[in-house]
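Colleague: What follows is target_37.cif; its format and atoms are mmCIF, C-alpha atoms.
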data_final
#
loop_
_atom_site.group_PDB
_atom_site.id
_atom_site.type_symbol
_atom_site.label_atom_id
_atom_site.label_comp_id
_atom_site.auth_asym_id
_atom_site.auth_seq_id
_atom_site.Cartn_x
_atom_site.Cartn_y
_atom_site.Cartn_z
ATOM 1 C CA MET A 399 0.000 0.000 0.000
ATOM 2 C CA SER A 400 1.515 3.292 -1.042
ATOM 3 C CA ALA A 401 1.966 6.095 1.447
ATOM 4 C CA PRO A 402 -0.517 8.972 1.204
ATOM 5 C CA PRO A 403 0.792 11.993 -0.711
ATOM 6 C CA GLN A 404 2.496 14.601 1.405
ATOM 7 C CA PRO A 405 1.092 18.135 1.400
ATOM 8 C CA PRO A 406 3.270 20.759 -0.299
ATOM 9 C CA PRO A 407 5.608 22.739 1.985
ATOM 10 C CA PHE A 408 3.908 25.645 3.709
ATOM 11 C CA ASP A 409 4.979 28.937 2.122
ATOM 12 C CA VAL A 410 4.695 31.568 4.830
ATOM 13 C CA HIS A 411 5.674 34.348 2.409
ATOM 14 C CA ALA A 412 2.850 33.462 0.015
ATOM 15 C CA TYR A 413 0.367 33.022 2.856
ATOM 16 C CA THR A 414 1.013 36.411 4.457
ATOM 17 C CA SER A 415 1.296 38.277 1.142
ATOM 18 C CA ARG A 416 -2.515 38.538 1.115
ATOM 19 C CA TYR A 417 -2.417 40.914 4.119
ATOM 20 C CA PRO A 418 -1.033 44.494 4.213
ATOM 21 C CA VAL A 419 2.590 44.407 5.285
ATOM 22 C CA ASP A 420 2.007 46.788 8.201
ATOM 23 C CA SER A 421 -1.266 45.302 9.472
ATOM 24 C CA GLU A 422 -1.872 43.870 12.919
ATOM 25 C CA THR A 423 -3.623 40.843 11.444
ATOM 26 C CA ARG A 424 -0.508 39.957 9.422
ATOM 27 C CA LEU A 425 1.650 40.192 12.546
ATOM 28 C CA GLN A 426 -0.750 38.066 14.602
ATOM 29 C CA ARG A 427 -0.922 35.416 11.879
ATOM 30 C CA LEU A 428 2.862 35.330 11.514
ATOM 31 C CA LEU A 429 3.278 34.745 15.251
ATOM 32 C CA HIS A 430 0.518 32.138 15.241
ATOM 33 C CA VAL A 431 2.179 30.257 12.365
ATOM 34 C CA ALA A 432 5.555 30.470 14.113
ATOM 35 C CA HIS A 433 4.242 28.864 17.288
ATOM 36 C CA ARG A 434 2.207 26.202 15.487
ATOM 37 C CA PHE A 435 5.084 25.007 13.326
ATOM 38 C CA ASP A 436 7.522 25.044 16.238
ATOM 39 C CA ASP A 437 5.118 22.744 18.122
ATOM 40 C CA GLY A 438 5.204 20.353 15.193
ATOM 41 C CA ALA A 439 8.958 20.377 14.537
ATOM 42 C CA ALA A 440 10.186 16.782 14.201
ATOM 43 C CA GLY A 441 12.304 15.341 16.997
ATOM 44 C CA GLY A 442 12.276 18.550 18.992
ATOM 45 C CA GLY A 443 14.231 20.290 16.243
ATOM 46 C CA ARG A 444 13.684 23.757 14.853
ATOM 47 C CA SER A 445 11.241 24.583 12.093
ATOM 48 C CA ASP A 446 12.290 26.487 8.969
ATOM 49 C CA VAL A 447 8.723 27.790 8.669
ATOM 50 C CA THR A 448 8.910 29.123 12.224
ATOM 51 C CA ARG A 449 12.210 30.828 11.474
ATOM 52 C CA ASP A 450 10.796 32.465 8.344
ATOM 53 C CA ALA A 451 7.626 33.568 10.143
ATOM 54 C CA LEU A 452 9.560 35.042 13.064
ATOM 55 C CA SER A 453 11.970 36.825 10.714
ATOM 56 C CA LEU A 454 9.049 38.445 8.899
ATOM 57 C CA ALA A 455 7.360 39.330 12.188
ATOM 58 C CA VAL A 456 10.520 40.914 13.593
ATOM 59 C CA ALA A 457 11.042 42.895 10.380
ATOM 60 C CA GLN A 458 7.478 44.220 10.641
ATOM 61 C CA MET A 459 7.863 45.118 14.332
ATOM 62 C CA ARG A 460 11.155 46.887 13.727
ATOM 63 C CA ALA A 461 9.787 48.842 10.761
ATOM 64 C CA ALA A 462 6.841 50.047 12.876
ATOM 65 C CA GLY A 463 8.870 50.710 16.028
ATOM 66 C CA ASN A 464 6.696 48.136 17.810
ATOM 67 C CA TYR A 465 9.209 47.573 20.600
ATOM 68 C CA ARG A 466 6.612 46.458 23.137
ATOM 69 C CA ARG A 467 5.361 43.471 21.151
ATOM 70 C CA TYR A 468 8.968 42.656 20.217
ATOM 71 C CA ALA A 469 10.017 42.578 23.866
ATOM 72 C CA GLU A 470 6.945 40.570 24.863
ATOM 73 C CA GLU A 471 7.862 37.839 22.405
ATOM 74 C CA TYR A 472 11.254 37.540 24.096
ATOM 75 C CA GLY A 473 9.806 37.751 27.602
ATOM 76 C CA ALA A 474 11.511 41.092 28.237
ATOM 77 C CA VAL A 475 8.440 43.174 29.081
ATOM 78 C CA ALA A 476 10.184 44.889 32.003
ATOM 79 C CA GLU A 477 12.316 46.862 29.537
ATOM 80 C CA CYS A 478 9.268 48.491 27.933
ATOM 81 C CA GLY A 479 7.894 50.751 30.666
ATOM 82 C CA THR A 480 4.479 52.353 30.149
ATOM 83 C CA PRO A 481 3.118 53.117 26.662
ATOM 84 C CA ALA A 482 4.046 56.550 25.325
ATOM 85 C CA GLY A 483 1.093 58.915 25.130
ATOM 86 C CA GLY A 484 -1.230 56.296 26.559
ATOM 87 C CA GLY A 485 -2.906 58.345 29.262
ATOM 88 C CA GLY A 486 -6.508 59.327 29.368
ATOM 89 C CA ASP A 487 -9.937 58.084 30.228
ATOM 90 C CA ASP A 488 -10.639 54.440 29.436
ATOM 91 C CA ALA A 489 -14.410 54.861 29.638
ATOM 92 C CA GLY A 490 -16.087 52.981 26.834
ATOM 93 C CA ALA A 491 -12.929 51.094 25.838
ATOM 94 C CA PRO A 492 -13.348 47.340 25.325
ATOM 95 C CA MET A 493 -12.369 45.107 28.227
ATOM 96 C CA MET A 494 -9.130 43.477 27.252
ATOM 97 C CA SER A 495 -7.223 40.535 28.650
ATOM 98 C CA PRO A 496 -3.715 41.393 29.864
ATOM 99 C CA VAL A 497 -2.415 38.764 27.430
ATOM 100 C CA ARG A 498 -2.178 40.070 23.867
ATOM 101 C CA PRO A 499 -3.992 38.156 21.108
ATOM 102 C CA ALA A 500 -0.855 36.638 19.588
ATOM 103 C CA GLN A 501 1.141 36.255 22.771
ATOM 104 C CA THR A 502 1.843 32.945 24.500
ATOM 105 C CA THR A 503 3.828 32.007 27.574
ATOM 106 C CA ARG A 504 6.455 30.246 25.413
ATOM 107 C CA HIS A 505 9.168 32.545 24.127
ATOM 108 C CA ILE A 506 10.275 30.344 21.246
ATOM 109 C CA ILE A 507 11.798 33.271 19.395
ATOM 110 C CA GLN A 508 14.804 33.035 21.729
ATOM 111 C CA HIS A 509 15.779 29.789 19.962
ATOM 112 C CA TYR A 510 15.700 31.351 16.501
ATOM 113 C CA LEU A 511 16.714 35.011 16.586
ATOM 114 C CA PRO A 512 18.899 37.015 18.990
ATOM 115 C CA TYR A 513 17.309 39.712 21.135
ATOM 116 C CA ASP A 514 18.228 43.302 20.237
ATOM 117 C CA SER A 515 18.018 45.419 23.391
ATOM 118 C CA GLU A 516 19.345 48.454 21.514
ATOM 119 C CA PHE A 517 16.312 48.405 19.210
ATOM 120 C CA VAL A 518 13.991 48.405 22.236
ATOM 121 C CA ARG A 519 15.863 51.314 23.820
ATOM 122 C CA THR A 520 16.009 53.512 20.716
ATOM 123 C CA ALA A 521 12.446 52.690 19.580
ATOM 124 C CA ARG A 522 11.124 53.541 23.035
ATOM 125 C CA LEU A 523 12.879 56.920 23.003
ATOM 126 C CA ASP A 524 11.664 57.610 19.466
ATOM 127 C CA ALA A 525 8.093 56.711 20.449
ATOM 128 C CA ALA A 526 8.211 59.059 23.434
ATOM 129 C CA ALA A 527 9.395 61.932 21.226
ATOM 130 C CA LYS A 528 6.719 61.302 18.588
ATOM 131 C CA ALA A 529 4.007 60.990 21.235
ATOM 132 C CA GLU A 530 5.006 64.347 22.698
ATOM 133 C CA VAL A 531 4.670 66.014 19.285
ATOM 134 C CA LEU A 532 1.291 64.398 18.615
ATOM 135 C CA GLU A 533 -0.050 65.258 22.084
ATOM 136 C CA ALA A 534 1.028 68.876 21.582
ATOM 137 C CA ARG A 535 -0.776 68.951 18.239
ATOM 138 C CA LEU A 536 -3.955 67.677 19.907
ATOM 139 C CA ALA A 537 -3.672 70.186 22.759
ATOM 140 C CA SER A 538 -3.262 73.032 20.269
ATOM 141 C CA ALA A 539 -6.337 71.965 18.297
ATOM 142 C CA GLN A 540 -8.381 71.618 21.491
ATOM 143 C CA SER A 541 -7.334 75.049 22.723
ATOM 144 C CA GLN A 542 -8.548 76.590 19.460
ATOM 145 C CA LEU A 543 -11.754 74.511 19.394
ATOM 146 C CA LEU A 544 -11.017 73.365 15.848
ATOM 147 C CA LYS A 545 -13.308 70.359 15.404
ATOM 148 C CA ASP A 546 -11.711 68.907 12.282
ATOM 149 C CA SER A 547 -8.203 69.469 13.613
ATOM 150 C CA ILE A 548 -9.107 67.735 16.885
ATOM 151 C CA ARG A 549 -10.431 64.725 14.974
ATOM 152 C CA SER A 550 -7.322 64.562 12.791
ATOM 153 C CA ALA A 551 -5.017 64.843 15.814
ATOM 154 C CA MET A 552 -6.876 62.085 17.662
ATOM 155 C CA LEU A 553 -6.706 59.776 14.659
ATOM 156 C CA ALA A 554 -3.000 60.510 14.244
ATOM 157 C CA LEU A 555 -2.479 59.433 17.861
ATOM 158 C CA ALA A 556 -4.601 56.342 17.214
ATOM 159 C CA GLU A 557 -2.408 55.381 14.257
ATOM 160 C CA PHE A 558 0.680 55.998 16.392
ATOM 161 C CA HIS A 559 -0.554 53.559 19.069
ATOM 162 C CA TRP A 560 -1.851 51.082 16.488
ATOM 163 C CA GLU A 561 1.532 50.801 14.754
ATOM 164 C CA ARG A 562 3.162 50.025 18.081
ATOM 165 C CA GLY A 563 0.703 47.334 19.086
ATOM 166 C CA GLU A 564 -0.936 49.510 21.786
ATOM 167 C CA LEU A 565 -4.355 48.480 20.586
ATOM 168 C CA LYS A 566 -6.479 49.521 23.530
ATOM 169 C CA ASP A 567 -5.022 53.053 23.452
ATOM 170 C CA ALA A 568 -5.637 53.194 19.700
ATOM 171 C CA TRP A 569 -9.251 52.057 20.186
ATOM 172 C CA ARG A 570 -9.823 54.729 22.822
ATOM 173 C CA ARG A 571 -8.449 57.498 20.583
ATOM 174 C CA VAL A 572 -10.616 56.455 17.640
ATOM 175 C CA ALA A 573 -13.721 56.200 19.834
ATOM 176 C CA ARG A 574 -13.089 59.703 21.205
ATOM 177 C CA SER A 575 -12.822 61.076 17.665
ATOM 178 C CA ARG A 576 -16.431 60.130 16.843
ATOM 179 C CA GLU A 577 -17.889 63.240 18.429
ATOM 180 C CA PHE A 578 -15.755 65.389 16.122
ATOM 181 C CA CYS A 579 -16.837 63.716 12.870
ATOM 182 C CA SER A 580 -18.869 65.620 10.299
ATOM 183 C CA GLY A 581 -19.950 64.027 7.067
ATOM 184 C CA GLY A 582 -20.473 60.490 5.868
ATOM 185 C CA ARG A 583 -16.875 59.770 4.891
ATOM 186 C CA GLN A 584 -15.574 60.591 8.354
ATOM 187 C CA HIS A 585 -18.274 58.583 10.128
ATOM 188 C CA THR A 586 -17.722 55.466 8.013
ATOM 189 C CA GLN A 587 -13.941 55.784 8.392
ATOM 190 C CA VAL A 588 -14.212 55.810 12.182
ATOM 191 C CA CYS A 589 -16.742 52.955 12.215
ATOM 192 C CA LEU A 590 -14.451 50.738 10.165
ATOM 193 C CA MET A 591 -11.409 51.652 12.270
ATOM 194 C CA LEU A 592 -13.261 50.651 15.460
ATOM 195 C CA ILE A 593 -14.318 47.364 13.880
ATOM 196 C CA GLU A 594 -10.774 46.592 12.751
ATOM 197 C CA LEU A 595 -9.284 47.430 16.139
ATOM 198 C CA SER A 596 -11.892 45.320 17.910
ATOM 199 C CA VAL A 597 -11.000 42.385 15.635
ATOM 200 C CA ASP A 598 -7.313 42.948 16.384
ATOM 201 C CA LEU A 599 -8.145 42.882 20.098
ATOM 202 C CA ARG A 600 -10.240 39.716 19.661
ATOM 203 C CA GLU A 601 -13.035 41.555 21.461
ATOM 204 C CA TRP A 602 -15.949 40.080 19.552
ATOM 205 C CA GLY A 603 -18.656 41.778 21.584
ATOM 206 C CA SER A 604 -17.077 45.101 20.663
ATOM 207 C CA VAL A 605 -16.996 44.006 17.015
ATOM 208 C CA ARG A 606 -20.745 43.348 17.102
ATOM 209 C CA ASP A 607 -21.399 46.644 18.905
ATOM 210 C CA ALA A 608 -19.322 48.572 16.352
ATOM 211 C CA ILE A 609 -21.153 46.895 13.454
ATOM 212 C CA SER A 610 -24.535 47.717 15.009
ATOM 213 C CA ARG A 611 -23.482 51.332 15.571
ATOM 214 C CA ALA A 612 -22.198 51.561 11.987
ATOM 215 C CA GLU A 613 -25.474 50.238 10.562
ATOM 216 C CA HIS A 614 -27.482 52.621 12.749
ATOM 217 C CA THR A 615 -25.309 55.576 11.725
ATOM 218 C CA VAL A 616 -25.915 54.899 8.042
ATOM 219 C CA MET A 617 -29.630 54.109 8.381
ATOM 220 C CA SER A 618 -30.511 57.088 10.583
ATOM 221 C CA SER A 619 -28.626 59.748 8.640
ATOM 222 C CA ASP A 620 -29.364 61.621 5.455
ATOM 223 C CA GLY A 621 -27.806 61.133 2.033
ATOM 224 C CA GLU A 622 -24.615 62.915 3.015
ATOM 225 C CA HIS A 623 -23.936 60.296 5.670
ATOM 226 C CA GLY A 624 -24.979 57.356 3.558
ATOM 227 C CA GLY A 625 -22.796 54.325 2.960
ATOM 228 C CA GLY A 626 -22.501 55.215 -0.735
ATOM 229 C CA LEU A 627 -19.283 57.074 0.015
ATOM 230 C CA ASP A 628 -17.763 53.607 0.397
ATOM 231 C CA PRO A 629 -19.640 51.221 -1.907
ATOM 232 C CA LEU A 630 -18.140 48.269 -0.034
ATOM 233 C CA PHE A 631 -19.090 49.533 3.428
ATOM 234 C CA HIS A 632 -21.867 46.996 3.991
ATOM 235 C CA ALA A 633 -19.751 44.171 2.534
ATOM 236 C CA LYS A 634 -17.038 44.975 5.058
ATOM 237 C CA LEU A 635 -19.591 44.911 7.874
ATOM 238 C CA ARG A 636 -20.786 41.475 6.753
ATOM 239 C CA ALA A 637 -17.229 40.133 6.598
ATOM 240 C CA ALA A 638 -16.435 41.433 10.082
ATOM 241 C CA GLY A 639 -19.730 40.058 11.351
ATOM 242 C CA GLY A 640 -18.795 36.669 9.932
ATOM 243 C CA LEU A 641 -15.554 36.703 11.914
ATOM 244 C CA ALA A 642 -17.415 37.552 15.125
ATOM 245 C CA HIS A 643 -19.961 34.786 14.567
ATOM 246 C CA LEU A 644 -17.172 32.310 13.799
ATOM 247 C CA ALA A 645 -15.140 33.245 16.877
ATOM 248 C CA GLU A 646 -18.198 32.901 19.110
ATOM 249 C CA GLY A 647 -19.237 29.534 17.712
ATOM 250 C CA ARG A 648 -22.324 30.638 15.776
ATOM 251 C CA TYR A 649 -21.312 28.701 12.694
ATOM 252 C CA ALA A 650 -24.579 28.833 10.744
ATOM 253 C CA GLU A 651 -24.729 32.624 11.133
ATOM 254 C CA ALA A 652 -21.058 32.867 10.148
ATOM 255 C CA ALA A 653 -21.713 30.797 7.023
ATOM 256 C CA ARG A 654 -24.578 33.077 5.998
ATOM 257 C CA SER A 655 -22.466 36.182 6.625
ATOM 258 C CA PHE A 656 -19.433 35.050 4.626
ATOM 259 C CA THR A 657 -21.415 33.645 1.693
ATOM 260 C CA SER A 658 -23.430 36.869 1.401
ATOM 261 C CA VAL A 659 -20.409 39.192 1.247
ATOM 262 C CA SER A 660 -20.461 41.057 -2.056
ATOM 263 C CA THR A 661 -18.045 39.548 -4.568
ATOM 264 C CA GLU A 662 -16.820 43.075 -5.250
ATOM 265 C CA LEU A 663 -14.998 42.923 -1.907
ATOM 266 C CA THR A 664 -11.635 41.353 -2.663
ATOM 267 C CA GLY A 665 -8.500 42.794 -1.083
ATOM 268 C CA GLN A 666 -10.010 46.091 0.109
ATOM 269 C CA PHE A 667 -10.495 44.800 3.676
ATOM 270 C CA ALA A 668 -7.440 42.537 3.878
ATOM 271 C CA SER A 669 -6.208 44.231 7.050
ATOM 272 C CA VAL A 670 -9.167 42.420 8.672
ATOM 273 C CA VAL A 671 -9.935 39.430 6.424
ATOM 274 C CA SER A 672 -8.546 38.505 3.013
ATOM 275 C CA ALA A 673 -10.507 37.368 -0.029
ATOM 276 C CA GLU A 674 -9.013 33.886 0.421
ATOM 277 C CA ASP A 675 -10.170 33.827 4.043
ATOM 278 C CA ILE A 676 -13.732 34.695 3.031
ATOM 279 C CA ALA A 677 -13.703 31.905 0.428
ATOM 280 C CA LEU A 678 -12.259 29.333 2.837
ATOM 281 C CA TYR A 679 -14.440 30.209 5.810
ATOM 282 C CA GLY A 680 -17.594 30.485 3.733
ATOM 283 C CA GLY A 681 -16.942 27.161 1.995
ATOM 284 C CA LEU A 682 -16.073 25.211 5.135
ATOM 285 C CA LEU A 683 -18.885 26.671 7.211
ATOM 286 C CA GLY A 684 -21.407 26.155 4.411
ATOM 287 C CA LEU A 685 -20.334 22.537 4.115
ATOM 288 C CA ALA A 686 -20.696 22.083 7.871
ATOM 289 C CA THR A 687 -24.008 23.858 8.466
ATOM 290 C CA MET A 688 -26.107 23.929 5.290
ATOM 291 C CA ASP A 689 -28.266 21.232 3.782
ATOM 292 C CA ARG A 690 -27.691 20.239 0.176
ATOM 293 C CA ALA A 691 -30.192 22.732 -1.189
ATOM 294 C CA GLY A 692 -28.713 25.585 0.846
ATOM 295 C CA LEU A 693 -25.188 24.597 -0.106
ATOM 296 C CA HIS A 694 -26.027 24.724 -3.799
ATOM 297 C CA ALA A 695 -27.977 27.978 -3.478
ATOM 298 C CA HIS A 696 -25.469 29.905 -1.402
ATOM 299 C CA VAL A 697 -22.067 28.307 -2.071
ATOM 300 C CA ILE A 698 -21.778 26.039 -5.089
ATOM 301 C CA ASP A 699 -24.085 27.723 -7.594
ATOM 302 C CA GLY A 700 -24.582 31.218 -6.190
ATOM 303 C CA PRO A 701 -22.414 34.341 -6.593
ATOM 304 C CA PHE A 702 -20.066 32.924 -3.927
ATOM 305 C CA LYS A 703 -18.987 30.277 -6.448
ATOM 306 C CA GLY A 704 -16.487 32.675 -8.003
ATOM 307 C CA ARG A 705 -14.663 33.061 -4.688
ATOM 308 C CA LEU A 706 -13.866 29.349 -4.609
ATOM 309 C CA GLU A 707 -11.391 29.853 -7.456
ATOM 310 C CA LEU A 708 -9.109 31.425 -4.839
ATOM 311 C CA VAL A 709 -9.057 28.195 -2.802
ATOM 312 C CA PRO A 710 -8.872 25.279 -5.275
ATOM 313 C CA ASN A 711 -8.849 22.609 -2.548
ATOM 314 C CA MET A 712 -12.090 23.984 -1.128
ATOM 315 C CA ARG A 713 -13.609 24.121 -4.611
ATOM 316 C CA GLU A 714 -12.732 20.466 -5.230
ATOM 317 C CA ALA A 715 -14.077 19.395 -1.828
ATOM 318 C CA LEU A 716 -17.444 20.926 -2.642
ATOM 319 C CA ARG A 717 -17.830 19.153 -5.990
#
Mind turning this structure into structure tokens?
Modeller:
Amino acid sequence: MSAPPQPPPFDVHAYTSRYPVDSETRLQRLLHVAHRFDDGAAGGGRSDVTRDALSLAVAQMRAAGNYRRYAEEYGAVAECGTPAGGGGDDAGAPMMSPVRPAQTTRHIIQHYLPYDSEFVRTARLDAAAKAEVLEARLASAQSQLLKDSIRSAMLALAEFHWERGELKDAWRRVARSREFCSGGRQHTQVCLMLIELSVDLREWGSVRDAISRAEHTVMSSDGEHGGGLDPLFHAKLRAAGGLAHLAEGRYAEAARSFTSVSTELTGQFASVVSAEDIALYGGLLGLATMDRAGLHAHVIDGPFKGRLELVPNMREALR
């Protein structure tokens, strides 16, 4: 009896190329892959996939100045101090576990790549200097009561925290900026930022709340605030809703969400979920939760069918 065919080697570069190079979801997936393949390394050896994934993750963290996440991976949190520019009221911020989404108690990176304490030191100083400039910009806008400038300054601080993995601080800044929005484009931008940050935080209740608020904002406003400013706005909400349903074990609802995402949404929301993810999740969940008639209507023969071309194995499984 011949041995079953071996799967092709996992290409971490190809896998992560579907996500923006500076996105939190790419970093979390790289770290997840690194830990999974290290667990499966034969004979207690080291995995080439893990080494590649960690190298890409470190390059991303260094490019963004994300010294805190870098130090956490090595178990050197004590060197980080408190987040720069992270003060303020936490009211309304999502409750967040002290353990970051991609963090584990095993610091496997120590076996693959040397720790660079100089990077942590210089990145921390650079972050403090940038935070001071951004806080001064916000204070100036607030003193002059310039609504649009206040919103822009808050979002600049949110991006600053986001790049450095300080997700809760970023969420708080974006949430505070809502009261300074005027016009549909600004409202939809903030809604989508809150959804993306909530996904990054793995706070699925906050994802659902942000989606509900986004739908209410669009439905209760006039034409200026309508979702038409972003024709894919509702498709992005459905994709994010699918992730929340999936994470919370509501698989039938997740299947309906993913298979109803407009096919016009491809890579425009890849910082949250890629087109390949939508195809894979929708196909698997449809197969698991739908009867034959529903599977044909919503997956095999419906508009979703075109997405399956992105995941040939899923397409073949459904035939």
Colleague: Counting all atoms listed in the file, figure out which residue out of A:Arg460, A:Glu471, A:Arg562, A:Ala537 gets nearest to Glu516 (chain A).
Modeller: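 Smallest distance to Glu516 (chain A) is found for A:Arg460.
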Colleague: So how far away is CA of Gln666 (chain A) from CA of Phe435 (chain A), in Å?
Modeller: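 About the pair CA of Phe435 (chain A) and CA of Gln666 (chain A): they are 29.1 Å apart.
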Colleague: Take the point (-18.5, 40.7, -1.4) in the file's coordinates, draw a sphere of radius 12 Å around it, and report as a JSON list (two decimals) with C-alpha atoms, in the frame of the given file every protein, DNA or RNA residue with an atom inside or on it, counting only C-alpha atoms.
Modeller:
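New file result.json:
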[["chain", "number", "residue", "atom", "x", "y", "z"],
["A", 629, "PRO", "CA", -19.64, 51.22, -1.91],
["A", 630, "LEU", "CA", -18.14, 48.27, -0.03],
["A", 631, "PHE", "CA", -19.09, 49.53, 3.43],
["A", 632, "HIS", "CA", -21.87, 47.00, 3.99],
["A", 633, "ALA", "CA", -19.75, 44.17, 2.53],
["A", 634, "LYS", "CA", -17.04, 44.98, 5.06],
["A", 635, "LEU", "CA", -19.59, 44.91, 7.87],
["A", 636, "ARG", "CA", -20.79, 41.48, 6.75],
["A", 637, "ALA", "CA", -17.23, 40.13, 6.60],
["A", 638, "ALA", "CA", -16.43, 41.43, 10.08],
["A", 655, "SER", "CA", -22.47, 36.18, 6.62],
["A", 656, "PHE", "CA", -19.43, 35.05, 4.63],
["A", 657, "THR", "CA", -21.42, 33.65, 1.69],
["A", 658, "SER", "CA", -23.43, 36.87, 1.40],
["A", 659, "VAL", "CA", -20.41, 39.19, 1.25],
["A", 660, "SER", "CA", -20.46, 41.06, -2.06],
["A", 661, "THR", "CA", -18.05, 39.55, -4.57],
["A", 662, "GLU", "CA", -16.82, 43.08, -5.25],
["A", 663, "LEU", "CA", -15.00, 42.92, -1.91],
["A", 664, "THR", "CA", -11.64, 41.35, -2.66],
["A", 665, "GLY", "CA", -8.50, 42.79, -1.08],
["A", 666, "GLN", "CA", -10.01, 46.09, 0.11],
["A", 667, "PHE", "CA", -10.50, 44.80, 3.68],
["A", 671, "VAL", "CA", -9.94, 39.43, 6.42],
["A", 672, "SER", "CA", -8.55, 38.51, 3.01],
["A", 673, "ALA", "CA", -10.51, 37.37, -0.03],
["A", 674, "GLU", "CA", -9.01, 33.89, 0.42],
["A", 676, "ILE", "CA", -13.73, 34.70, 3.03],
["A", 677, "ALA", "CA", -13.70, 31.90, 0.43],
["A", 680, "GLY", "CA", -17.59, 30.48, 3.73],
["A", 701, "PRO", "CA", -22.41, 34.34, -6.59],
["A", 702, "PHE", "CA", -20.07, 32.92, -3.93],
["A", 703, "LYS", "CA", -18.99, 30.28, -6.45],
["A", 704, "GLY", "CA", -16.49, 32.67, -8.00],
["A", 705, "ARG", "CA", -14.66, 33.06, -4.69]]
Colleague: Might you pull out every residue within 12 Å of region 686-689 of chain A, with all atoms listed in the file counted and same-chain residues fewer than 4 positions away left off, and present them as a count of residues only?
Modeller: 20
Colleague: Report, in Å with one decimal, the straight-line distance from CA of Leu706 (chain A) to CA of Gly684 (chain A).
Modeller: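 Atom-to-atom, CA of Leu706 (chain A) and CA of Gly684 (chain A) are spaced 12.2 Å apart.
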Colleague: Between CA of Thr414 (chain A) and CA of Gly463 (chain A), what is the distance in Å, rounded to a tenth?
Modeller: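 One can read the CA of Thr414 (chain A) to CA of Gly463 (chain A) distance as 20.0 Å.
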Colleague: Suppose a student applies the PyMOL selection byres ((chain A and resi 409-411) around 10) to this structure; what residues should they get, written as a PyMOL selection string?
Modeller: chain A and resi 406-408+412-416+427-428+431-432+447-448+450-451+454
Colleague: Hey, can you spit out that residue selection with C-alpha atoms as a PDB file, keeping the file's coordinate frame?
Modeller:
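And here's result_17.pdb as it stands now:
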ATOM      1  CA  PRO A 406       3.270  20.759  -0.299  1.00  0.00           C
ATOM      2  CA  PRO A 407       5.608  22.739   1.985  1.00  0.00           C
ATOM      3  CA  PHE A 408       3.908  25.645   3.709  1.00  0.00           C
ATOM      4  CA  ALA A 412       2.850  33.462   0.015  1.00  0.00           C
ATOM      5  CA  TYR A 413       0.367  33.022   2.856  1.00  0.00           C
ATOM      6  CA  THR A 414       1.013  36.411   4.457  1.00  0.00           C
ATOM      7  CA  SER A 415       1.296  38.277   1.142  1.00  0.00           C
ATOM      8  CA  ARG A 416      -2.515  38.538   1.115  1.00  0.00           C
ATOM      9  CA  ARG A 427      -0.922  35.416  11.879  1.00  0.00           C
ATOM     10  CA  LEU A 428       2.862  35.330  11.514  1.00  0.00           C
ATOM     11  CA  VAL A 431       2.179  30.257  12.365  1.00  0.00           C
ATOM     12  CA  ALA A 432       5.555  30.470  14.113  1.00  0.00           C
ATOM     13  CA  VAL A 447       8.723  27.790   8.669  1.00  0.00           C
ATOM     14  CA  THR A 448       8.910  29.123  12.224  1.00  0.00           C
ATOM     15  CA  ASP A 450      10.796  32.465   8.344  1.00  0.00           C
ATOM     16  CA  ALA A 451       7.626  33.568  10.143  1.00  0.00           C
ATOM     17  CA  LEU A 454       9.049  38.445   8.899  1.00  0.00           C
TER      18      LEU A 454
END
Colleague: In terms of the shortest atom-to-atom distance over all atoms listed in the file, which of A:Phe558, A:Trp569, A:Phe517, A:Phe578 is closest to Ala457 (chain A)?
Modeller: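 Of A:Phe558, A:Trp569, A:Phe517, A:Phe578, the one nearest Ala457 (chain A), counting all atoms listed in the file, is A:Phe517.
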Colleague: Please provide as an mmCIF file with C-alpha atoms, keeping the file's coordinate frame all residues within 7 Å of region 596-611 of chain A, with the sequence filter that same-chain residues fewer than 3 positions apart are discarded (counting all atoms listed in the file).
Modeller:
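Here's the written file part12.cif:
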data_model
loop_
_atom_site.group_PDB
_atom_site.id
_atom_site.type_symbol
_atom_site.label_atom_id
_atom_site.label_comp_id
_atom_site.auth_asym_id
_atom_site.auth_seq_id
_atom_site.Cartn_x
_atom_site.Cartn_y
_atom_site.Cartn_z
ATOM 1 C CA GLU A 422 -1.872 43.870 12.919
ATOM 2 C CA THR A 423 -3.623 40.843 11.444
ATOM 3 C CA PRO A 492 -13.348 47.340 25.325
ATOM 4 C CA PRO A 499 -3.992 38.156 21.108
ATOM 5 C CA LEU A 565 -4.355 48.480 20.586
ATOM 6 C CA CYS A 589 -16.742 52.955 12.215
ATOM 7 C CA LEU A 592 -13.261 50.651 15.460
ATOM 8 C CA ILE A 593 -14.318 47.364 13.880
ATOM 9 C CA HIS A 614 -27.482 52.621 12.749
ATOM 10 C CA THR A 615 -25.309 55.576 11.725
ATOM 11 C CA LEU A 635 -19.591 44.911 7.874
ATOM 12 C CA GLY A 639 -19.730 40.058 11.351
ATOM 13 C CA ALA A 642 -17.415 37.552 15.125
#
Colleague: Might you pull out every residue within 7 Å of region 526-536 of chain A, with all atoms listed in the file counted and same-chain residues fewer than 3 positions away left off, and present them as a PyMOL selection string?
Modeller: chain A and resi 482-483+522-523+539-540+548+551-552+555
Colleague: When you count only C-alpha atoms, which of these residues is closest to Glu594 (chain A): A:Val670, A:Ala645, A:Leu685, A:Leu544?
Modeller: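 Closest residue, counting only C-alpha atoms: A:Val670.
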Colleague: Using all atoms listed in the file, find the one residue out of A:Gly473, A:Val456, A:Asp675, A:His505 that sits nearest to His433 (chain A).
Modeller: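 Counting all atoms listed in the file, the residue closest to His433 (chain A) is A:His505.
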Colleague: Would you write out, as a ChimeraX atom specification, every residue that the PyMOL selection byres ((chain A and resi 469) around 12) captures in this file?
Modeller: /A:456,459-460,463-468,470-479,501,505,507-508,512-519,521-522,562-563
